[in-house]
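Comments concern the structure below.
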Amino acid sequence: MRATIASTCPYCGVGCGVILQTEGGAIAAVRGDPAHPANFGRLCSKGVALAASAAPEKRGLRLLAPEIGGAPVSWEHALDHLAARFAECIAAHGPDSVGFYLSGQLLTEDYYVFNKLARALVGTNNVDSNSRLCMSSAVAGYKRTLGADAPPACYEDLERARCLFIAGSNAAWAHPVLFRRIEAARARNPALKVIVVDPRRTETARFADLHLAIVPGSDVALFNAMLHVILWEGLADSAFIAAHTSGFEEVRDAVREYTPRAAAAACGIGEDEVIAAARLFARAGPTLSLYCQGLNQSASGTDKNVALINLHLATGQIGRPGAGPFSLTGQPNAMGGREVGAMANLLPGHRDAADPAHRAEVARFWGVDRLPARPGRTAVEMFEAARAGEIRMLWIACTNPAQSLPAQRLVREAFERAELVVVQEAYRTTETARLADVLLPAATWGEKDGTVTNSERRISRVRAAVPAPGLARPDWEIARDFGRRLEARLRPGKPTLFPWRSAEEVFDEHRESTRGRDLDITGLSWAVLDSRGPQQWPYPEGASAGRARLYEDRVFATADGRARFVVAHWRAPAERPDAHYPIRLTTVRLRDQWHAMSRTGSVPALFAHAPEPRLAMHPSDLERAGLQPGALARVSSRRGSLHVLVEASEDLRPGLACLPMHWGSRYLGGAEAFGANSVTLAALDPHSRQPELKHCAVRVERAELGWRLVAFGSAPDADGDALFERLDFAMRAFAFAQRVPAGERGVLLRLADEHPPSAEVLERLDRAFGLAGPDTLRFDDPRRAIGRRIALEADAIRAVRLSGDTRSEHWLRETWLRGAPVGALRRYLAMPVAVPPGLDRVPSRTVCVCLGVDERAIAAALAQGTRTLAALQAQLRCGTQCGSCVPELRALLAAARAAA
Ligand code: SF4
């Protein structure tokens with residue numbers, strides 16, 4: 001049977017609408033929803049791959065039944081057990097001895113139930129979300145200046161703006177469909193000015209008229225200096241300031257010291273660039289700021305947000321078409337979590353947990369005597385409390401803190417110390433699931449109903465298209481059924497706090513909690529969303545449409561209706577480079593991966609653009625460290641170390657290194673390493689409690705690991721996912737271990753250590769790849785610890801293991817990836833070092849994932865004289881589907897034109 005269901009993409013905050021096609025109870029295809037106002041039918045490479053990630057054969061990655069201590073149990077048993085354990089813990093140690101750690105991937109209804117469970121039933125504010133790592137500085141910035149956590153702009157403003165000020169956001173990769181709209185806006189209006197503030201020359205920065213490549217962490221100095229210039233040159237909107245703001249004089253006095261010269265010194269850019277940015281911001285016409293993790297993930301993230309919003313207030317660039325400070329949410333439902341108040345400092349309906357009147361309102365609404373007053377622990381603090389033994393039981397839903405939190409060693413110690421860790425997850429393979437005492441199988445995207453809110457305050461429906469596998473259930477239902485059991489113990493005989501029979505009923509209760517608040521959605525219902533499509537809030541009772549843009553009436557959500565200027569001074573990052581740790585490390589995002597890769601990591605095609613973990617550094621830094629591109633380096637900070645391959649990048653300033661945040665210990669392991677967050681810093685912003693994931697000091701040096709192994713290929717008796725899992729044993733058994741999906745159903749494994757492992761370990765690896773049979777070519781030189789195994793299938797390479805000497809990796813791997821017959825190259829298979837002529841090269845990276853066009857094909861076209869995007873697309877078809885690769889194609893064309 002076939003069906004077509006409209007839903008929403010589960011990845012980034014753009015919130016694209018998708019159409020799911022089902023066949024025989026499985027998701028057969030996913031395409032963009034032409035009717036959805038966020039994307040009008042477009043999807044990026046991640047969205048395009050959704051069907052592959054939901055394929056029935058991915059069932060092997062799923063958690064299918066509740067487990068206690070690794071043994072499957074029934075739902076009744078698991079929830080009874082948990083209710084008893086939690087009740088005992090709360091009775092013995094108080095409500096703050098437990099904590100709930102949630103996720104911006106949860107639907108609004110899931111979030112709502114967990115929040116009520118924690119605060120109304122358990123009586124703790126220890127409920128927080130991974131949105132703390134993502135958006136909490138934006139929340140604090142909006143609230144401190146505009147009075148409410150409400151992004152005032154909308155996507156349509158991209159088309160109405162005359163100047164886009166993009167700070168700390170590589171939208172070309174992190175919000176690709178939005179970037180398509182930016183490209184289209186400039187194509188329609190070539191006068192549109194684009195300023196990008198980013199320490200790296202990203203694809204977004206290449207698109208800019210003015211790229212300010214500031215020293216990481218110096219944003220506040222730049223924004224204050226821009227305000228200094230705006231005031232000095234009389235470019236401020238004095239009438240707006242006088243009529244609609246407060247606190248201007250203090251900020252005016254504070255920015256006096258931020259001269260362009262002072263800012264240029266702090267930011268490492270030219271004075272003229274500071275002045276040019278300020279003039280464009282103030283004069284170009286409506287100016288829209290777009291910002292993301294580069295501002296938020298910082299120990300001074302709130303100050304960065306505030307300093308940017310000050311610029312909008314000084315120029316009156318808010319509350320009108322094409323203008324405003326517009327934070328781009330990272331996750332699909334970071335906004336929904338904020339709306340229901342599922343963060344330690346918030347309450348439903350944008351209320352504050354610290355406000356006694358707000359607590360009383362919500363307690364009345366929920367029918368309980370009171371809500372807890374004691375401040376809750378935020379994300380990092382929750383794990384610090386668990387490590388200190390203050391939080392004894394952790395319930396983690398739909399997120400992977402053993403990958404995503406900074407300073408992983410501390411996080412792992414928290415897991416060890418906690419008495420009980422409950423992990424509610426769709427995937428059994430995440431780093432966190434492996435550390436759980438109790439696992440609860442959750443339904444995931446395509447299998448459950450609810451709503452999400454995107455960056456522009458637009459609420460969209462998420463719809464179930466297929467049944468969840470095994471015993472997996474929607475997250476809200478799991479929380480509800482646990483809550484009912486727990487309330488039977490904690491408040492017997494009282495009416496239930498968890499009365500809902502459907503996610504829609506949860507939505508209806510949430511909706512009522514917003515009545516009279518800035519985000520009032522009392523006019524919305526699932527029926528309205530179904531009939532009129534996705535809607536922006538506020539959407540109060542009686543409205544016929546949501547509000548596209550906030551503050552058009554110039555009345556802000558503060559007590560006096562005036563927006564507040566707030567003084568923000570530049571502070572150096574929490575950890576500065578020094579003689580021991582001289583390199584600044586920043587974490588970045590890849591184009592085709594999503595967060596901890598629980599879902600995108602199951603689609604081999606999404607690894608084609610960035611096939612392996614790499615630390616990018618300026619060539620001069622590599623040279624100073626004695627490292628060649630492709631070499632293995634040891635990266636150390638005060639918190640830990642990891643090994644990773646390095647690559648050279650002219651897009652970085654000297655002294656800066658970049659490591660994608662996606663690579664957790666599932667991909668980038670080693671005896672002492674826990675992925676990228678082995679080395680990052682848990683310093684917190686004082687207002688938002690958001691950790692400084694974007695900046696820490698590290699040392700990068702040559703890895704002193706003399707023994708190397710590379711193995712790649714598929715296994716004859718397992719699919720790629722099963723082979724990947726089989727290699728688990730190797731990920732902590734060596735000083736360096738890296739594994740990634742490769743080819744259609746294969747894996748690429750790299751290992752390094754000081755000494756070769758035992759023959760038994762090598763045999764185990766060979767068995768995993770099916771390299772132990774009689775049809776395998778073998779070569780061993782025990783004296784030099786060199787080994788070589790190659791298995792062929794129908795004259796094509798199926799799997800290879802090279803240990804001790806890996807010099808022939810590249811041609812063997814390329815031949816394997818191409819699936820080409822070995823043919824005349826067969827004689828080279830037996831030669832450990834010899835490389836066939838013309839094959840001494842690193843396998844080419846895929847640029848256009850949709851159509852499988854690699855760098856080498858593009859380089860060949862450019863070498864033949866192709867110079868325009870249209871010509872390149874006509875020749876190779878690259879960039880003609882989702883368009884995610886178009887910025888990179890433009891960059892390659894620009895480089896070719898410059899070289900010519
Ligand atoms: Fe999904 Fe890509 Fe759209 Fe983001 S831009 S919502 S990842 S399709």
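Letters A, B, ... mark the chains of the structure tokens in the order given; residue numbers begin at 1 per chain; ligand numbers begin at 1, in order shown.
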
Exercise answer, 10 Å around ligand 1 with only C-alpha atoms and all ligand atoms, as a ChimeraX atom specification = /A:8-18,31-32,38-39,41-50,171-180,330-332,454,591-594,882,884

Which residues are near stretch 384-389 of chain A? Cut-off 9 Å, only C-alpha atoms, ignore same chain within fewer than 4 positions. Put them as a ChimeraX atom specification.
/A:97-99,377,379-380,393-394,410-419

| message | Given only C-alpha atoms as the basis, pick out the residue of A:Pro534, A:Pro467, A:Gly123, A:Gly147 nearest to A:Arg359. | response |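 Using only C-alpha atoms, A:Arg359 sits closest to A:Gly123.
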
I need the residues in stretch 682-737 of chain A that are strand (DSSP E) according to DSSP; give them as a PDB file with C-alpha atoms, in the first residue's frame.
ATOM      1  CA  CYS A 696      39.964  26.487  23.624  1.00  0.00           C
ATOM      2  CA  ALA A 697      43.743  26.363  23.619  1.00  0.00           C
ATOM      3  CA  VAL A 698      45.505  23.251  22.347  1.00  0.00           C
ATOM      4  CA  ARG A 699      48.914  21.945  21.395  1.00  0.00           C
ATOM      5  CA  VAL A 700      49.291  20.108  18.085  1.00  0.00           C
ATOM      6  CA  GLU A 701      52.314  17.909  17.570  1.00  0.00           C
ATOM      7  CA  ARG A 702      53.425  14.895  15.616  1.00  0.00           C
ATOM      8  CA  TRP A 707      52.876   1.370  13.936  1.00  0.00           C
ATOM      9  CA  ARG A 708      50.004   2.034  11.491  1.00  0.00           C
ATOM     10  CA  LEU A 709      47.173   0.022  10.030  1.00  0.00           C
ATOM     11  CA  VAL A 710      44.557   0.828   7.441  1.00  0.00           C
ATOM     12  CA  ALA A 711      41.782  -1.557   6.531  1.00  0.00           C
ATOM     13  CA  PHE A 712      38.861  -0.926   4.215  1.00  0.00           C
ATOM     14  CA  GLY A 713      36.247  -2.776   2.279  1.00  0.00           C
ATOM     15  CA  PHE A 736      44.518   6.012  17.724  1.00  0.00           C
ATOM     16  CA  ALA A 737      41.445   4.486  16.154  1.00  0.00           C
TER      17      ALA A 737
END

So that I can check the surroundings of stretch 765-767 of chain A, please list as JSON, numbers by chain every protein, DNA and RNA residue that reaches within 9 Å of it, counting only C-alpha atoms and ignoring chain neighbours fewer than 3 positions away.
{"A": [711, 715, 726, 727, 730, 760, 761, 762, 770, 771, 772, 773, 789, 800, 801]}

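With distances restricted to only C-alpha atoms, A:Gly294 is the closest residue to A:Val588 from A:Pro37, A:Gly270, A:Gly294, A:Gly70.
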
Inset, instruction - May I ask which of the residues A:Leu420, A:Val567, A:Ala465, A:Leu645 is the closest one to A:Arg750, counting only C-alpha atoms? - result: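 Ranking A:Leu420, A:Val567, A:Ala465, A:Leu645 by distance to A:Arg750, first place goes to A:Leu645.
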
Worksheet item: Quick one: DSSP alpha helix (DSSP H) residues in stretch 705-810 of chain A, as a PyMOL selection string?
Response: chain A and resi 720-726+759-769+809-810

Next, dump the selected residues to file, keeping only N, CA, C and O atoms, as a compact mmCIF listing (two decimals), in the first residue's frame.
# COMPACT_ATOMS: atom_id res chain seq x y z
N GLY A 720 27.11 -2.90 5.74
CA GLY A 720 28.07 -1.92 6.24
C GLY A 720 27.86 -1.59 7.70
O GLY A 720 28.83 -1.44 8.47
N ASP A 721 26.59 -1.50 8.13
CA ASP A 721 26.31 -1.18 9.54
C ASP A 721 26.83 -2.28 10.46
O ASP A 721 27.42 -2.01 11.51
N ALA A 722 26.59 -3.52 10.06
CA ALA A 722 27.01 -4.64 10.92
C ALA A 722 28.54 -4.72 10.96
O ALA A 722 29.13 -4.97 12.02
N LEU A 723 29.20 -4.48 9.83
CA LEU A 723 30.66 -4.49 9.82
C LEU A 723 31.20 -3.38 10.73
O LEU A 723 32.14 -3.59 11.50
N PHE A 724 30.57 -2.22 10.65
CA PHE A 724 30.97 -1.09 11.49
C PHE A 724 30.92 -1.49 12.97
O PHE A 724 31.86 -1.25 13.73
N GLU A 725 29.82 -2.12 13.36
CA GLU A 725 29.67 -2.51 14.77
C GLU A 725 30.69 -3.59 15.15
O GLU A 725 31.21 -3.59 16.26
N ARG A 726 30.97 -4.48 14.24
CA ARG A 726 31.93 -5.54 14.51
C ARG A 726 33.30 -5.01 14.91
O ARG A 726 34.07 -5.68 15.59
N ALA A 759 49.17 -11.02 17.13
CA ALA A 759 48.63 -11.68 15.92
C ALA A 759 47.14 -11.94 16.09
O ALA A 759 46.37 -11.87 15.13
N GLU A 760 46.70 -12.21 17.33
CA GLU A 760 45.27 -12.51 17.56
C GLU A 760 44.40 -11.29 17.22
O GLU A 760 43.33 -11.43 16.63
N VAL A 761 44.90 -10.11 17.58
CA VAL A 761 44.11 -8.90 17.30
C VAL A 761 44.00 -8.70 15.79
O VAL A 761 42.93 -8.40 15.26
N LEU A 762 45.12 -8.90 15.08
CA LEU A 762 45.07 -8.76 13.62
C LEU A 762 44.14 -9.80 13.01
O LEU A 762 43.39 -9.50 12.07
N GLU A 763 44.18 -10.99 13.54
CA GLU A 763 43.29 -12.04 13.02
C GLU A 763 41.83 -11.66 13.24
O GLU A 763 40.96 -11.91 12.40
N ARG A 764 41.55 -11.05 14.38
CA ARG A 764 40.16 -10.64 14.67
C ARG A 764 39.70 -9.58 13.65
O ARG A 764 38.57 -9.62 13.17
N LEU A 765 40.61 -8.65 13.36
CA LEU A 765 40.28 -7.65 12.34
C LEU A 765 40.03 -8.31 11.00
O LEU A 765 39.08 -7.98 10.28
N ASP A 766 40.90 -9.26 10.65
CA ASP A 766 40.76 -9.94 9.36
C ASP A 766 39.45 -10.71 9.28
O ASP A 766 38.77 -10.72 8.25
N ARG A 767 39.08 -11.32 10.40
CA ARG A 767 37.80 -12.08 10.39
C ARG A 767 36.64 -11.11 10.18
O ARG A 767 35.68 -11.42 9.49
N ALA A 768 36.72 -9.93 10.80
CA ALA A 768 35.62 -8.95 10.66
C ALA A 768 35.41 -8.60 9.19
O ALA A 768 34.28 -8.51 8.72
N PHE A 769 36.50 -8.40 8.46
CA PHE A 769 36.40 -8.01 7.04
C PHE A 769 36.28 -9.22 6.11
O PHE A 769 36.19 -9.04 4.90
N GLU A 809 48.09 2.34 0.17
CA GLU A 809 46.67 2.53 0.51
C GLU A 809 45.90 3.24 -0.61
O GLU A 809 44.82 2.80 -1.01
N HIS A 810 46.44 4.35 -1.10
CA HIS A 810 45.63 5.23 -1.94
C HIS A 810 45.13 4.55 -3.21
O HIS A 810 43.95 4.61 -3.54

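Of the residues listed (A:Arg132, A:Ser460, A:Gln403, A:Ala55), A:Gln403 shows the shortest atom-to-atom separation from A:Arg434; distances use only C-alpha atoms.
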
From the list A:Ala118, A:Ala830, A:Leu812, A:Cys878, the nearest residue to A:Met343 using only C-alpha atoms is A:Ala118

Notebook entry, point to check: If you count only C-alpha atoms, which residues fall within 8 Å of A:Ala472, apart from same-chain ones fewer than 6 positions away, as a VMD selection string?
Noted result: chain A and resid 63 to 65 426 440 to 443

Since we have the selection now, will you write its residues out, keeping N, CA and C atoms, as a PDB file, in the first residue's frame?
ATOM      1  N   LEU A  63      17.057   0.594  18.631  1.00  0.00           N
ATOM      2  CA  LEU A  63      16.763  -0.030  19.912  1.00  0.00           C
ATOM      3  C   LEU A  63      15.314  -0.517  19.813  1.00  0.00           C
ATOM      4  N   LEU A  64      15.094  -1.813  20.021  1.00  0.00           N
ATOM      5  CA  LEU A  64      13.776  -2.364  19.706  1.00  0.00           C
ATOM      6  C   LEU A  64      12.976  -2.768  20.936  1.00  0.00           C
ATOM      7  N   ALA A  65      13.641  -2.864  22.084  1.00  0.00           N
ATOM      8  CA  ALA A  65      12.923  -3.241  23.309  1.00  0.00           C
ATOM      9  C   ALA A  65      13.601  -2.563  24.498  1.00  0.00           C
ATOM     10  N   ALA A 426      16.289   6.336  20.080  1.00  0.00           N
ATOM     11  CA  ALA A 426      15.884   5.528  18.935  1.00  0.00           C
ATOM     12  C   ALA A 426      17.010   4.570  18.539  1.00  0.00           C
ATOM     13  N   LEU A 440      15.511   2.781  26.904  1.00  0.00           N
ATOM     14  CA  LEU A 440      14.096   2.800  26.542  1.00  0.00           C
ATOM     15  C   LEU A 440      13.993   3.122  25.057  1.00  0.00           C
ATOM     16  N   PRO A 441      13.400   2.244  24.257  1.00  0.00           N
ATOM     17  CA  PRO A 441      13.378   2.456  22.798  1.00  0.00           C
ATOM     18  C   PRO A 441      12.346   3.516  22.401  1.00  0.00           C
ATOM     19  N   ALA A 442      12.805   4.540  21.699  1.00  0.00           N
ATOM     20  CA  ALA A 442      11.925   5.644  21.311  1.00  0.00           C
ATOM     21  C   ALA A 442      11.648   5.592  19.820  1.00  0.00           C
ATOM     22  N   ALA A 443      10.431   6.007  19.474  1.00  0.00           N
ATOM     23  CA  ALA A 443      10.110   6.207  18.053  1.00  0.00           C
ATOM     24  C   ALA A 443      10.893   7.415  17.570  1.00  0.00           C
TER      25      ALA A 443
END
